[in-house]
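Asker: Sharing protein_33.pdb, PDB, C-alpha atoms and all ligand atoms:
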ATOM      1  CA  MET A  15     106.663 -80.566 152.222
ATOM      2  CA  SER A  16     108.001 -83.960 153.279
ATOM      3  CA  VAL A  17     106.706 -86.908 151.439
ATOM      4  CA  PHE A  18     104.794 -89.941 152.617
ATOM      5  CA  PRO A  19     105.053 -91.573 155.151
ATOM      6  CA  ILE A  20     106.043 -88.459 157.134
ATOM      7  CA  TYR A  21     103.138 -86.359 155.914
ATOM      8  CA  ARG A  22      99.850 -88.192 156.010
ATOM      9  CA  PRO A  23      96.910 -85.975 154.967
ATOM     10  CA  ARG A  24      94.458 -88.507 156.377
ATOM     11  CA  ARG A  25      95.543 -87.690 159.958
ATOM     12  CA  LEU A  26      93.462 -84.504 159.946
ATOM     13  CA  ARG A  27      90.441 -86.280 158.516
ATOM     14  CA  SER A  28      90.143 -88.912 161.199
ATOM     15  CA  ASN A  29      87.283 -87.393 163.229
ATOM     16  CA  GLU A  30      84.689 -84.661 162.929
ATOM     17  CA  ASN A  31      86.279 -82.338 165.465
ATOM     18  CA  LEU A  32      89.565 -82.328 163.586
ATOM     19  CA  ARG A  33      87.683 -81.839 160.363
ATOM     20  CA  ARG A  34      85.826 -78.890 161.892
ATOM     21  CA  LEU A  35      89.102 -77.255 162.905
ATOM     22  CA  VAL A  36      90.657 -77.456 159.455
ATOM     23  CA  ARG A  37      87.521 -76.766 157.405
ATOM     24  CA  GLU A  38      88.232 -73.875 155.022
ATOM     25  CA  THR A  39      84.770 -72.960 153.773
ATOM     26  CA  HIS A  40      81.621 -72.391 155.808
ATOM     27  CA  LEU A  41      78.207 -72.043 154.261
ATOM     28  CA  SER A  42      75.922 -69.966 156.456
ATOM     29  CA  VAL A  43      72.508 -68.359 156.451
ATOM     30  CA  ASP A  44      74.364 -65.047 156.033
ATOM     31  CA  ASP A  45      75.240 -66.047 152.458
ATOM     32  CA  LEU A  46      71.739 -66.594 151.166
ATOM     33  CA  ILE A  47      69.278 -64.701 148.989
ATOM     34  CA  TYR A  48      65.945 -66.384 148.183
ATOM     35  CA  PRO A  49      64.320 -65.605 144.795
ATOM     36  CA  MET A  50      60.520 -65.284 144.667
ATOM     37  CA  PHE A  51      57.953 -64.846 141.874
ATOM     38  CA  VAL A  52      54.927 -62.597 142.207
ATOM     39  CA  VAL A  53      51.683 -62.603 140.200
ATOM     40  CA  HIS A  54      48.479 -60.573 140.195
ATOM     41  CA  GLY A  55      45.489 -61.946 142.097
ATOM     42  CA  GLN A  56      44.709 -62.953 145.645
ATOM     43  CA  ASN A  57      45.419 -65.914 147.852
ATOM     44  CA  THR A  58      47.350 -67.529 145.025
ATOM     45  CA  ALA A  59      50.318 -69.878 145.331
ATOM     46  CA  ASN A  60      50.906 -71.780 142.078
ATOM     47  CA  GLU A  61      53.648 -74.339 142.484
ATOM     48  CA  ILE A  62      56.056 -74.240 139.539
ATOM     49  CA  THR A  63      56.091 -77.730 138.049
ATOM     50  CA  SER A  64      59.762 -77.725 137.101
ATOM     51  CA  MET A  65      60.795 -76.102 140.422
ATOM     52  CA  PRO A  66      59.177 -78.157 143.204
ATOM     53  CA  GLY A  67      58.754 -76.131 146.398
ATOM     54  CA  CYS A  68      58.807 -72.780 144.534
ATOM     55  CA  TYR A  69      55.643 -70.790 143.840
ATOM     56  CA  GLN A  70      54.192 -67.887 141.943
ATOM     57  CA  TYR A  71      52.667 -65.931 144.821
ATOM     58  CA  SER A  72      50.046 -63.217 144.828
ATOM     59  CA  VAL A  73      51.132 -60.206 146.888
ATOM     60  CA  ASP A  74      49.233 -61.292 150.032
ATOM     61  CA  ARG A  75      50.872 -64.731 149.973
ATOM     62  CA  LEU A  76      54.244 -63.214 149.098
ATOM     63  CA  VAL A  77      54.108 -61.209 152.304
ATOM     64  CA  ILE A  78      53.568 -64.416 154.298
ATOM     65  CA  ALA A  79      56.532 -65.998 152.508
ATOM     66  CA  ALA A  80      58.627 -62.898 153.234
ATOM     67  CA  LYS A  81      57.813 -63.178 156.948
ATOM     68  CA  GLU A  82      58.984 -66.780 156.867
ATOM     69  CA  LEU A  83      62.310 -65.735 155.304
ATOM     70  CA  ALA A  84      62.815 -63.124 157.997
ATOM     71  CA  SER A  85      62.016 -65.627 160.734
ATOM     72  CA  LEU A  86      64.560 -68.041 159.263
ATOM     73  CA  GLY A  87      67.166 -65.257 159.408
ATOM     74  CA  ILE A  88      67.667 -65.107 155.623
ATOM     75  CA  PRO A  89      69.020 -61.622 154.810
ATOM     76  CA  GLY A  90      67.114 -60.953 151.615
ATOM     77  CA  THR A  91      64.909 -61.899 148.705
ATOM     78  CA  ILE A  92      65.111 -61.078 145.013
ATOM     79  CA  LEU A  93      61.764 -60.515 143.329
ATOM     80  CA  PHE A  94      60.571 -61.350 139.820
ATOM     81  CA  GLY A  95      57.209 -60.082 138.577
ATOM     82  CA  ILE A  96      54.704 -61.599 136.174
ATOM     83  CA  PRO A  97      52.524 -58.830 134.698
ATOM     84  CA  GLU A  98      48.844 -58.892 133.850
ATOM     85  CA  ASN A  99      49.455 -57.796 130.252
ATOM     86  CA  LYS A 100      52.574 -57.957 128.135
ATOM     87  CA  ASP A 101      53.303 -55.474 125.346
ATOM     88  CA  PRO A 102      56.253 -54.666 123.044
ATOM     89  CA  PHE A 103      57.718 -52.151 125.510
ATOM     90  CA  GLY A 104      57.134 -54.034 128.755
ATOM     91  CA  SER A 105      55.091 -51.160 130.188
ATOM     92  CA  GLU A 106      54.168 -52.863 133.440
ATOM     93  CA  ALA A 107      57.855 -53.085 134.346
ATOM     94  CA  TYR A 108      57.928 -49.363 135.099
ATOM     95  CA  ALA A 109      54.270 -48.707 135.997
ATOM     96  CA  ASP A 110      53.680 -47.151 139.422
ATOM     97  CA  ASP A 111      51.096 -49.823 140.187
ATOM     98  CA  GLY A 112      53.031 -52.657 138.508
ATOM     99  CA  ILE A 113      53.199 -56.023 140.188
ATOM    100  CA  ILE A 114      56.730 -55.544 141.542
ATOM    101  CA  GLN A 115      55.995 -52.046 142.782
ATOM    102  CA  GLN A 116      52.974 -53.412 144.709
ATOM    103  CA  ALA A 117      54.982 -56.343 146.020
ATOM    104  CA  VAL A 118      57.882 -54.216 147.239
ATOM    105  CA  CYS A 119      55.547 -51.810 149.065
ATOM    106  CA  ALA A 120      53.701 -54.669 150.741
ATOM    107  CA  ILE A 121      56.859 -56.460 151.906
ATOM    108  CA  LYS A 122      58.569 -53.304 153.140
ATOM    109  CA  ASP A 123      55.407 -52.486 155.041
ATOM    110  CA  ALA A 124      55.061 -55.880 156.728
ATOM    111  CA  VAL A 125      58.698 -56.999 157.071
ATOM    112  CA  PRO A 126      60.788 -53.810 156.912
ATOM    113  CA  ASP A 127      64.049 -55.518 157.849
ATOM    114  CA  LEU A 128      64.058 -58.067 155.030
ATOM    115  CA  LEU A 129      66.279 -56.833 152.207
ATOM    116  CA  VAL A 130      64.248 -56.546 149.011
ATOM    117  CA  ILE A 131      66.299 -56.803 145.847
ATOM    118  CA  THR A 132      64.464 -56.265 142.554
ATOM    119  CA  ASP A 133      65.481 -57.887 139.299
ATOM    120  CA  VAL A 134      65.462 -55.233 136.590
ATOM    121  CA  CYS A 135      64.731 -56.667 133.166
ATOM    122  CA  LEU A 136      62.034 -56.489 130.509
ATOM    123  CA  CYS A 137      61.701 -60.120 129.393
ATOM    124  CA  GLU A 138      58.885 -60.933 131.821
ATOM    125  CA  TYR A 139      56.962 -57.870 130.630
ATOM    126  CA  THR A 140      57.410 -57.860 126.851
ATOM    127  CA  ASP A 141      55.098 -59.807 124.537
ATOM    128  CA  HIS A 142      58.106 -60.994 122.492
ATOM    129  CA  GLY A 143      59.910 -62.162 125.660
ATOM    130  CA  HIS A 144      63.190 -60.359 124.930
ATOM    131  CA  CYS A 145      65.053 -58.238 127.470
ATOM    132  CA  GLY A 146      64.761 -55.016 125.480
ATOM    133  CA  ILE A 147      63.024 -53.134 122.704
ATOM    134  CA  VAL A 148      62.949 -55.131 119.456
ATOM    135  CA  GLU A 149      63.218 -53.537 116.019
ATOM    136  CA  ASP A 150      63.784 -55.445 112.785
ATOM    137  CA  GLY A 151      64.144 -58.611 114.820
ATOM    138  CA  GLU A 152      67.056 -57.198 116.879
ATOM    139  CA  VAL A 153      67.165 -56.117 120.519
ATOM    140  CA  GLN A 154      68.065 -52.416 120.470
ATOM    141  CA  ASN A 155      70.642 -51.523 123.109
ATOM    142  CA  ASP A 156      70.478 -47.772 123.688
ATOM    143  CA  PRO A 157      66.705 -47.244 123.432
ATOM    144  CA  THR A 158      66.299 -50.068 125.976
ATOM    145  CA  LEU A 159      68.447 -48.204 128.520
ATOM    146  CA  ASP A 160      65.732 -45.562 128.961
ATOM    147  CA  LEU A 161      63.192 -48.204 129.945
ATOM    148  CA  LEU A 162      65.581 -49.984 132.335
ATOM    149  CA  VAL A 163      66.296 -46.643 133.964
ATOM    150  CA  GLN A 164      62.568 -45.966 134.421
ATOM    151  CA  GLU A 165      62.082 -49.459 135.826
ATOM    152  CA  SER A 166      64.951 -49.041 138.313
ATOM    153  CA  VAL A 167      63.802 -45.654 139.557
ATOM    154  CA  SER A 168      60.254 -46.913 139.931
ATOM    155  CA  HIS A 169      61.487 -49.900 141.992
ATOM    156  CA  ALA A 170      63.505 -47.554 144.190
ATOM    157  CA  HIS A 171      60.472 -45.337 144.554
ATOM    158  CA  ALA A 172      58.409 -48.329 145.695
ATOM    159  CA  GLY A 173      61.014 -49.018 148.389
ATOM    160  CA  ALA A 174      63.466 -51.524 146.865
ATOM    161  CA  ASP A 175      66.694 -51.831 148.854
ATOM    162  CA  VAL A 176      68.930 -53.061 146.028
ATOM    163  CA  ILE A 177      68.537 -52.830 142.235
ATOM    164  CA  ALA A 178      69.704 -55.813 140.206
ATOM    165  CA  PRO A 179      69.814 -55.299 136.419
ATOM    166  CA  SER A 180      69.825 -58.654 134.588
ATOM    167  CA  ASP A 181      69.197 -57.555 130.997
ATOM    168  CA  MET A 182      72.824 -57.518 129.747
ATOM    169  CA  MET A 183      72.471 -54.311 127.698
ATOM    170  CA  ASP A 184      75.764 -52.415 127.375
ATOM    171  CA  GLY A 185      75.996 -49.331 129.567
ATOM    172  CA  ARG A 186      72.984 -50.062 131.722
ATOM    173  CA  VAL A 187      74.754 -49.961 135.080
ATOM    174  CA  GLY A 188      76.066 -46.453 134.406
ATOM    175  CA  ALA A 189      72.711 -45.244 133.125
ATOM    176  CA  ILE A 190      70.871 -46.682 136.138
ATOM    177  CA  ARG A 191      73.439 -45.332 138.634
ATOM    178  CA  TYR A 192      73.168 -41.859 137.154
ATOM    179  CA  ALA A 193      69.361 -41.895 137.210
ATOM    180  CA  LEU A 194      69.133 -43.278 140.762
ATOM    181  CA  ASP A 195      71.479 -40.534 141.972
ATOM    182  CA  GLU A 196      69.501 -37.852 140.135
ATOM    183  CA  ALA A 197      66.313 -39.115 141.777
ATOM    184  CA  GLY A 198      67.881 -38.946 145.243
ATOM    185  CA  TYR A 199      68.591 -42.674 145.595
ATOM    186  CA  GLU A 200      72.367 -42.379 145.787
ATOM    187  CA  ASN A 201      72.443 -44.828 148.710
ATOM    188  CA  ILE A 202      70.699 -47.667 146.894
ATOM    189  CA  PRO A 203      73.271 -50.257 145.800
ATOM    190  CA  ILE A 204      73.372 -51.918 142.388
ATOM    191  CA  MET A 205      73.893 -55.670 142.230
ATOM    192  CA  ALA A 206      74.839 -56.130 138.577
ATOM    193  CA  TYR A 207      74.334 -59.377 136.725
ATOM    194  CA  SER A 208      77.754 -58.726 135.191
ATOM    195  CA  ALA A 209      78.773 -62.078 133.749
ATOM    196  CA  LYS A 210      75.430 -63.499 132.732
ATOM    197  CA  TYR A 211      75.655 -66.321 130.249
ATOM    198  CA  ALA A 212      73.213 -67.393 127.526
ATOM    199  CA  SER A 213      72.546 -70.584 129.434
ATOM    200  CA  ALA A 214      70.223 -73.528 128.956
ATOM    201  CA  PHE A 215      70.015 -73.735 132.755
ATOM    202  CA  TYR A 216      67.359 -70.967 132.819
ATOM    203  CA  GLY A 217      64.657 -73.257 131.389
ATOM    204  CA  PRO A 218      62.574 -73.762 134.566
ATOM    205  CA  PHE A 219      62.816 -70.041 135.436
ATOM    206  CA  ARG A 220      61.257 -69.169 132.101
ATOM    207  CA  ASP A 221      58.278 -71.371 133.036
ATOM    208  CA  ALA A 222      58.096 -69.654 136.418
ATOM    209  CA  ALA A 223      58.416 -66.108 135.062
ATOM    210  CA  GLU A 224      56.609 -66.846 131.776
ATOM    211  CA  SER A 225      59.495 -65.114 130.033
ATOM    212  CA  ALA A 226      60.708 -67.427 127.251
ATOM    213  CA  PRO A 227      61.634 -65.495 124.091
ATOM    214  CA  GLN A 228      58.914 -65.881 121.449
ATOM    215  CA  PHE A 229      61.476 -65.952 118.628
ATOM    216  CA  GLY A 230      65.226 -66.542 118.528
ATOM    217  CA  ASP A 231      67.297 -66.685 121.697
ATOM    218  CA  ARG A 232      69.308 -64.369 123.942
ATOM    219  CA  ARG A 233      72.740 -65.015 122.447
ATOM    220  CA  SER A 234      73.074 -61.534 120.971
ATOM    221  CA  TYR A 235      73.088 -60.014 124.471
ATOM    222  CA  GLN A 236      73.904 -62.699 127.050
ATOM    223  CA  MET A 237      77.434 -64.121 127.106
ATOM    224  CA  ASP A 238      78.817 -67.108 125.248
ATOM    225  CA  PRO A 239      79.373 -69.969 127.759
ATOM    226  CA  ALA A 240      82.798 -70.554 126.205
ATOM    227  CA  ASN A 241      84.240 -67.218 127.387
ATOM    228  CA  SER A 242      85.896 -66.154 130.629
ATOM    229  CA  GLU A 243      88.187 -63.267 129.593
ATOM    230  CA  GLU A 244      85.060 -61.555 128.299
ATOM    231  CA  ALA A 245      83.504 -62.020 131.745
ATOM    232  CA  LEU A 246      86.368 -60.045 133.261
ATOM    233  CA  ARG A 247      85.820 -57.257 130.719
ATOM    234  CA  GLU A 248      82.104 -57.198 131.579
ATOM    235  CA  VAL A 249      82.864 -57.038 135.301
ATOM    236  CA  THR A 250      85.443 -54.264 134.756
ATOM    237  CA  LEU A 251      82.851 -52.185 132.908
ATOM    238  CA  ASP A 252      80.159 -52.695 135.516
ATOM    239  CA  ILE A 253      82.491 -51.718 138.356
ATOM    240  CA  GLU A 254      83.601 -48.613 136.448
ATOM    241  CA  GLU A 255      79.949 -47.756 135.854
ATOM    242  CA  GLY A 256      79.131 -48.014 139.558
ATOM    243  CA  ALA A 257      78.194 -51.610 140.406
ATOM    244  CA  ASP A 258      78.475 -52.332 144.133
ATOM    245  CA  ILE A 259      78.105 -56.107 143.857
ATOM    246  CA  VAL A 260      78.978 -58.100 140.742
ATOM    247  CA  MET A 261      77.264 -61.334 139.833
ATOM    248  CA  VAL A 262      78.211 -64.450 137.926
ATOM    249  CA  LYS A 263      75.291 -66.480 136.582
ATOM    250  CA  PRO A 264      74.761 -69.441 136.420
ATOM    251  CA  ALA A 265      77.050 -70.662 139.200
ATOM    252  CA  LEU A 266      77.887 -74.316 138.864
ATOM    253  CA  SER A 267      79.211 -74.412 135.308
ATOM    254  CA  TYR A 268      81.044 -71.127 135.932
ATOM    255  CA  LEU A 269      82.983 -71.747 139.152
ATOM    256  CA  ASP A 270      86.186 -70.797 137.317
ATOM    257  CA  VAL A 271      84.640 -67.442 136.413
ATOM    258  CA  ILE A 272      83.547 -66.826 140.027
ATOM    259  CA  SER A 273      87.066 -67.594 141.172
ATOM    260  CA  GLN A 274      88.709 -65.298 138.615
ATOM    261  CA  VAL A 275      86.319 -62.440 139.333
ATOM    262  CA  LYS A 276      86.952 -62.688 143.084
ATOM    263  CA  THR A 277      90.741 -62.842 142.665
ATOM    264  CA  GLU A 278      90.892 -60.090 140.075
ATOM    265  CA  PHE A 279      88.593 -57.451 141.624
ATOM    266  CA  GLN A 280      88.212 -57.920 145.406
ATOM    267  CA  MET A 281      84.613 -56.802 145.100
ATOM    268  CA  PRO A 282      81.570 -58.436 146.696
ATOM    269  CA  VAL A 283      80.693 -61.293 144.350
ATOM    270  CA  ALA A 284      77.251 -62.851 144.051
ATOM    271  CA  ALA A 285      76.601 -66.156 142.316
ATOM    272  CA  TYR A 286      73.206 -67.254 141.019
ATOM    273  CA  ASN A 287      72.501 -70.944 141.582
ATOM    274  CA  VAL A 288      69.877 -70.897 138.833
ATOM    275  CA  SER A 289      66.604 -72.698 138.257
ATOM    276  CA  GLY A 290      68.037 -75.508 136.124
ATOM    277  CA  GLU A 291      70.695 -76.259 138.732
ATOM    278  CA  TYR A 292      67.921 -76.499 141.327
ATOM    279  CA  ALA A 293      65.616 -78.564 139.104
ATOM    280  CA  MET A 294      68.301 -81.151 138.315
ATOM    281  CA  ILE A 295      68.928 -81.850 141.983
ATOM    282  CA  LYS A 296      65.220 -81.909 142.809
ATOM    283  CA  ALA A 297      64.409 -84.285 139.956
ATOM    284  CA  ALA A 298      67.225 -86.693 140.701
ATOM    285  CA  ALA A 299      66.385 -86.650 144.417
ATOM    286  CA  GLN A 300      62.699 -87.340 143.709
ATOM    287  CA  ASN A 301      63.783 -90.398 141.769
ATOM    288  CA  GLY A 302      65.828 -91.530 144.737
ATOM    289  CA  TRP A 303      69.014 -91.257 142.680
ATOM    290  CA  ILE A 304      70.849 -88.734 144.844
ATOM    291  CA  ASP A 305      70.605 -87.374 148.385
ATOM    292  CA  GLU A 306      69.109 -83.873 147.973
ATOM    293  CA  LYS A 307      70.498 -82.403 151.171
ATOM    294  CA  ARG A 308      74.037 -83.648 150.713
ATOM    295  CA  VAL A 309      74.212 -82.763 147.027
ATOM    296  CA  ALA A 310      72.712 -79.291 147.492
ATOM    297  CA  LEU A 311      75.043 -78.469 150.389
ATOM    298  CA  GLU A 312      78.030 -79.751 148.407
ATOM    299  CA  VAL A 313      77.086 -77.608 145.397
ATOM    300  CA  LEU A 314      76.503 -74.471 147.480
ATOM    301  CA  THR A 315      79.728 -75.005 149.427
ATOM    302  CA  SER A 316      81.611 -75.309 146.135
ATOM    303  CA  ILE A 317      80.145 -71.996 144.957
ATOM    304  CA  LYS A 318      81.327 -70.374 148.155
ATOM    305  CA  ARG A 319      84.737 -72.049 147.944
ATOM    306  CA  ALA A 320      85.122 -70.693 144.403
ATOM    307  CA  GLY A 321      84.842 -67.167 145.834
ATOM    308  CA  ALA A 322      81.189 -66.144 146.035
ATOM    309  CA  ASP A 323      80.303 -63.911 148.996
ATOM    310  CA  MET A 324      76.591 -64.500 148.526
ATOM    311  CA  ILE A 325      74.435 -67.016 146.684
ATOM    312  CA  LEU A 326      71.016 -66.511 145.146
ATOM    313  CA  THR A 327      69.418 -69.906 145.542
ATOM    314  CA  TYR A 328      66.016 -71.599 145.563
ATOM    315  CA  PHE A 329      67.481 -73.889 148.243
ATOM    316  CA  ALA A 330      67.869 -71.011 150.736
ATOM    317  CA  LYS A 331      65.023 -72.024 153.062
ATOM    318  CA  SER A 332      66.042 -75.690 153.032
ATOM    319  CA  VAL A 333      69.651 -74.755 153.739
ATOM    320  CA  VAL A 334      68.653 -72.986 156.932
ATOM    321  CA  GLU A 335      66.818 -76.109 158.115
ATOM    322  CA  TRP A 336      69.683 -78.370 157.094
ATOM    323  CA  LEU A 337      72.297 -76.226 158.812
ATOM    324  CA  GLU A 338      70.256 -76.104 162.007
ATOM    325  CA  ASN A 339      70.026 -79.906 162.212
TER
HETATM  326  C1  LIG A 401      65.740 -62.171 133.515
HETATM  327  C2  LIG A 401      66.326 -63.273 134.339
HETATM  328  C3  LIG A 401      66.474 -64.643 134.038
HETATM  329  C4  LIG A 401      66.949 -65.260 135.206
HETATM  330  C5  LIG A 401      67.114 -64.252 136.161
HETATM  331  N1  LIG A 401      66.740 -63.041 135.598
HETATM  332  C6  LIG A 401      66.119 -65.421 132.824
HETATM  333  C7  LIG A 401      66.774 -65.177 131.553
HETATM  334  O1  LIG A 401      67.725 -64.415 131.405
HETATM  335  O2  LIG A 401      66.266 -65.772 130.597
HETATM  336  C8  LIG A 401      67.214 -66.722 135.383
HETATM  337  C9  LIG A 401      67.203 -67.241 136.797
HETATM  338  C10 LIG A 401      67.107 -68.717 136.932
HETATM  339  O3  LIG A 401      67.185 -69.496 135.957
HETATM  340  O4  LIG A 401      66.942 -69.159 138.083
HETATM  341  N2  LIG A 401      66.460 -61.812 132.393
END
Mind converting the file's structure to structure tokens?

Answerer:
Amino acid sequence: MSVFPIYRPRRLRSNENLRRLVRETHLSVDDLIYPMFVVHGQNTANEITSMPGCYQYSVDRLVIAAKELASLGIPGTILFGIPENKDPFGSEAYADDGIIQQAVCAIKDAVPDLLVITDVCLCEYTDHGHCGIVEDGEVQNDPTLDLLVQESVSHAHAGADVIAPSDMMDGRVGAIRYALDEAGYENIPIMAYSAKYASAFYGPFRDAAESAPQFGDRRSYQMDPANSEEALREVTLDIEEGADIVMVKPALSYLDVISQVKTEFQMPVAAYNVSGEYAMIKAAAQNGWIDEKRVALEVLTSIKRAGADMILTYFAKSVVEWLEN
């Protein structure tokens, strides 16, 4: 490339039409998945203090919210359930009349075209708040697989379109794939939380899902934020075990991981723009310190530019409005 003054990069930045023609990354409604929280009860919408604009909905209100997503053209939602009772084995996670099972049925009934993805994990359902069975203060890997399998099959049975295991137990994608196939759900895809880090950015989510661990932390099963080669090993395993979509989570502090996963595997890559990433922007914007719309769109565009094909984000509904105006 010739050097200045022959080549002047600013030439192609001089007006919006030129900028449109050379723009490399386009954020669109097609990229978005909106997470929602569901609780028992009726006519309930509890706003989550640390996540302004996000609610814990009862099933009836969730259906209204699902209709809104469909009318905005958002392809799908991912659902998180808050049970009535928690116990050591997270029984409501795989109960036929569990909160997620009820929610999935109701949405599929009212808004059949909206893609319903279910998060498969135990931390919302266990009284100790860990993502698996605990013995001697340790989360037990292999015994937990049986429960995750039951939870996945029960979600599929309720009508879930995509199963998304987020527990980070070893071998769970293979176990779930095998069980779904056995139960006749061979066409239901698995979106695996493959590179899920032990992140402090999940704080607001744990308020929303009432799922904070009651002792210790999740560092013996979620990944160390310092590692990226390990992320590639995790993704390799999940693909070998049958994952259809692989996820990196959180997104913003892990753009390098998103980029490596996309380059290395040429698989559909999802990125989770998590609760803490949302809360930071909301809080700063409420203080008048940053411009919410511009910052959120810049962040989401960067996640896409890094290589994500889809983004799970609490900004999804706002993005549609912003992109339309
Ligand atoms: C369940 C789960 C978590 C999130 C998604 N699924 C919390 C956690 O692992 O503690 C976090 C999502 C967010 O912060 O927005 N294991």

Asker: The PyMOL selection byres (((chain A and resi 255-264) around 9) and not hetatm) on the file shown: which residues, as JSON, numbers by chain?

Answerer: {"A": [185, 186, 187, 188, 189, 191, 192, 203, 204, 205, 206, 207, 208, 209, 210, 211, 213, 215, 216, 245, 249, 250, 251, 252, 253, 254, 265, 266, 267, 268, 269, 271, 272, 275, 281, 282, 283, 284, 285, 286, 287, 288, 289, 291, 322]}

Asker: Limited to C-alpha atoms, could you put the picked residues into a file as a JSON list (two decimals), in the coordinates of the input?

Answerer:
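result-v2.json was written with the following content:
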[["chain", "number", "residue", "atom", "x", "y", "z"],
["A", 185, "GLY", "CA", 76.00, -49.33, 129.57],
["A", 186, "ARG", "CA", 72.98, -50.06, 131.72],
["A", 187, "VAL", "CA", 74.75, -49.96, 135.08],
["A", 188, "GLY", "CA", 76.07, -46.45, 134.41],
["A", 189, "ALA", "CA", 72.71, -45.24, 133.12],
["A", 191, "ARG", "CA", 73.44, -45.33, 138.63],
["A", 192, "TYR", "CA", 73.17, -41.86, 137.15],
["A", 203, "PRO", "CA", 73.27, -50.26, 145.80],
["A", 204, "ILE", "CA", 73.37, -51.92, 142.39],
["A", 205, "MET", "CA", 73.89, -55.67, 142.23],
["A", 206, "ALA", "CA", 74.84, -56.13, 138.58],
["A", 207, "TYR", "CA", 74.33, -59.38, 136.72],
["A", 208, "SER", "CA", 77.75, -58.73, 135.19],
["A", 209, "ALA", "CA", 78.77, -62.08, 133.75],
["A", 210, "LYS", "CA", 75.43, -63.50, 132.73],
["A", 211, "TYR", "CA", 75.66, -66.32, 130.25],
["A", 213, "SER", "CA", 72.55, -70.58, 129.43],
["A", 215, "PHE", "CA", 70.02, -73.74, 132.76],
["A", 216, "TYR", "CA", 67.36, -70.97, 132.82],
["A", 245, "ALA", "CA", 83.50, -62.02, 131.74],
["A", 249, "VAL", "CA", 82.86, -57.04, 135.30],
["A", 250, "THR", "CA", 85.44, -54.26, 134.76],
["A", 251, "LEU", "CA", 82.85, -52.18, 132.91],
["A", 252, "ASP", "CA", 80.16, -52.70, 135.52],
["A", 253, "ILE", "CA", 82.49, -51.72, 138.36],
["A", 254, "GLU", "CA", 83.60, -48.61, 136.45],
["A", 265, "ALA", "CA", 77.05, -70.66, 139.20],
["A", 266, "LEU", "CA", 77.89, -74.32, 138.86],
["A", 267, "SER", "CA", 79.21, -74.41, 135.31],
["A", 268, "TYR", "CA", 81.04, -71.13, 135.93],
["A", 269, "LEU", "CA", 82.98, -71.75, 139.15],
["A", 271, "VAL", "CA", 84.64, -67.44, 136.41],
["A", 272, "ILE", "CA", 83.55, -66.83, 140.03],
["A", 275, "VAL", "CA", 86.32, -62.44, 139.33],
["A", 281, "MET", "CA", 84.61, -56.80, 145.10],
["A", 282, "PRO", "CA", 81.57, -58.44, 146.70],
["A", 283, "VAL", "CA", 80.69, -61.29, 144.35],
["A", 284, "ALA", "CA", 77.25, -62.85, 144.05],
["A", 285, "ALA", "CA", 76.60, -66.16, 142.32],
["A", 286, "TYR", "CA", 73.21, -67.25, 141.02],
["A", 287, "ASN", "CA", 72.50, -70.94, 141.58],
["A", 288, "VAL", "CA", 69.88, -70.90, 138.83],
["A", 289, "SER", "CA", 66.60, -72.70, 138.26],
["A", 291, "GLU", "CA", 70.69, -76.26, 138.73],
["A", 322, "ALA", "CA", 81.19, -66.14, 146.04]]

Asker: Residue by residue, what does the PyMOL selection byres (((chain A and resi 313) around 12) and not hetatm) grab here? Present the result as a VMD selection string.

Answerer: chain A and resid 41 265 to 267 269 285 to 288 291 to 292 294 to 295 306 to 312 314 to 320 325 327 329 333

Asker: Identify, on the basis of all atoms listed in the file, every residue whose closest approach to segment 91-105 of chain A does not exceed 9 Å; exclude the query and any residue fewer than 6 positions from it along the same chain; express the result as a PyMOL selection string.

Answerer: chain A and resi 46-54+70+80+83+112-114+117-118+128-134+136-143+146-148+158+161+176+178+222-225+326

Asker: Would you work out the distance separating atom CA of Glu243 of chain A from atom CA of Ser273 of chain A, expressed in Å to one decimal?

Answerer: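 Separation of atom CA of Glu243 of chain A and atom CA of Ser273 of chain A: 12.4 Å.
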
Asker: Name the closest residue to Ala174 of chain A among the candidates A:Ala193, A:Ala120, A:Val36, A:Ala214; distances are taken between atoms, counting all atoms listed in the file.

Answerer: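 Selected residue with least distance to Ala174 of chain A: A:Ala120.
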
Asker: If you take every atom of ligand LIG 401 (chain A) that the file lists and fit an axis-aligned box around them with 4 Å extra on each side, what centre and edge lengths come out in Å to one decimal, as AutoDock Vina command-line options?

Answerer:
--center_x 66.7 --center_y -65.7 --center_z 134.3 --size_x 10.0 --size_y 15.7 --size_z 15.5

Asker: Determine the nearest neighbour of ligand LIG 401 (chain A) from the options A:Leu194, A:Cys145, A:Ala84, A:Val125, counting only C-alpha atoms and all ligand atoms.

Answerer: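 For ligand LIG 401 (chain A), the nearest of the candidates is A:Cys145.
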
Asker: Could you work out how far atom CA of Gln116 of chain A lies from atom CA of Gly290 of chain A, giving the answer in Å with one decimal?

Answerer: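 Separating atom CA of Gly290 of chain A from atom CA of Gln116 of chain A is a distance of 28.1 Å.
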
Asker: Closest to ligand LIG 401 (chain A) among A:Asp221, A:Glu82, A:Asp238, A:Asp160, using all atoms listed in the file?

Answerer: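 Nearest candidate to ligand LIG 401 (chain A) out of A:Asp221, A:Glu82, A:Asp238, A:Asp160: A:Asp221.
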
Asker: For Ile177 of chain A, which of A:Ile202, A:Tyr235, A:Asn241, A:Gln154 is the closest residue, counting all atoms listed in the file?

Answerer: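 Nearest candidate to Ile177 of chain A out of A:Ile202, A:Tyr235, A:Asn241, A:Gln154: A:Ile202.
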
Asker: Just how far from atom CA of Asn60 of chain A is atom C6 of ligand LIG 401 (chain A), in Å to one decimal?

Answerer: 18.9 Å
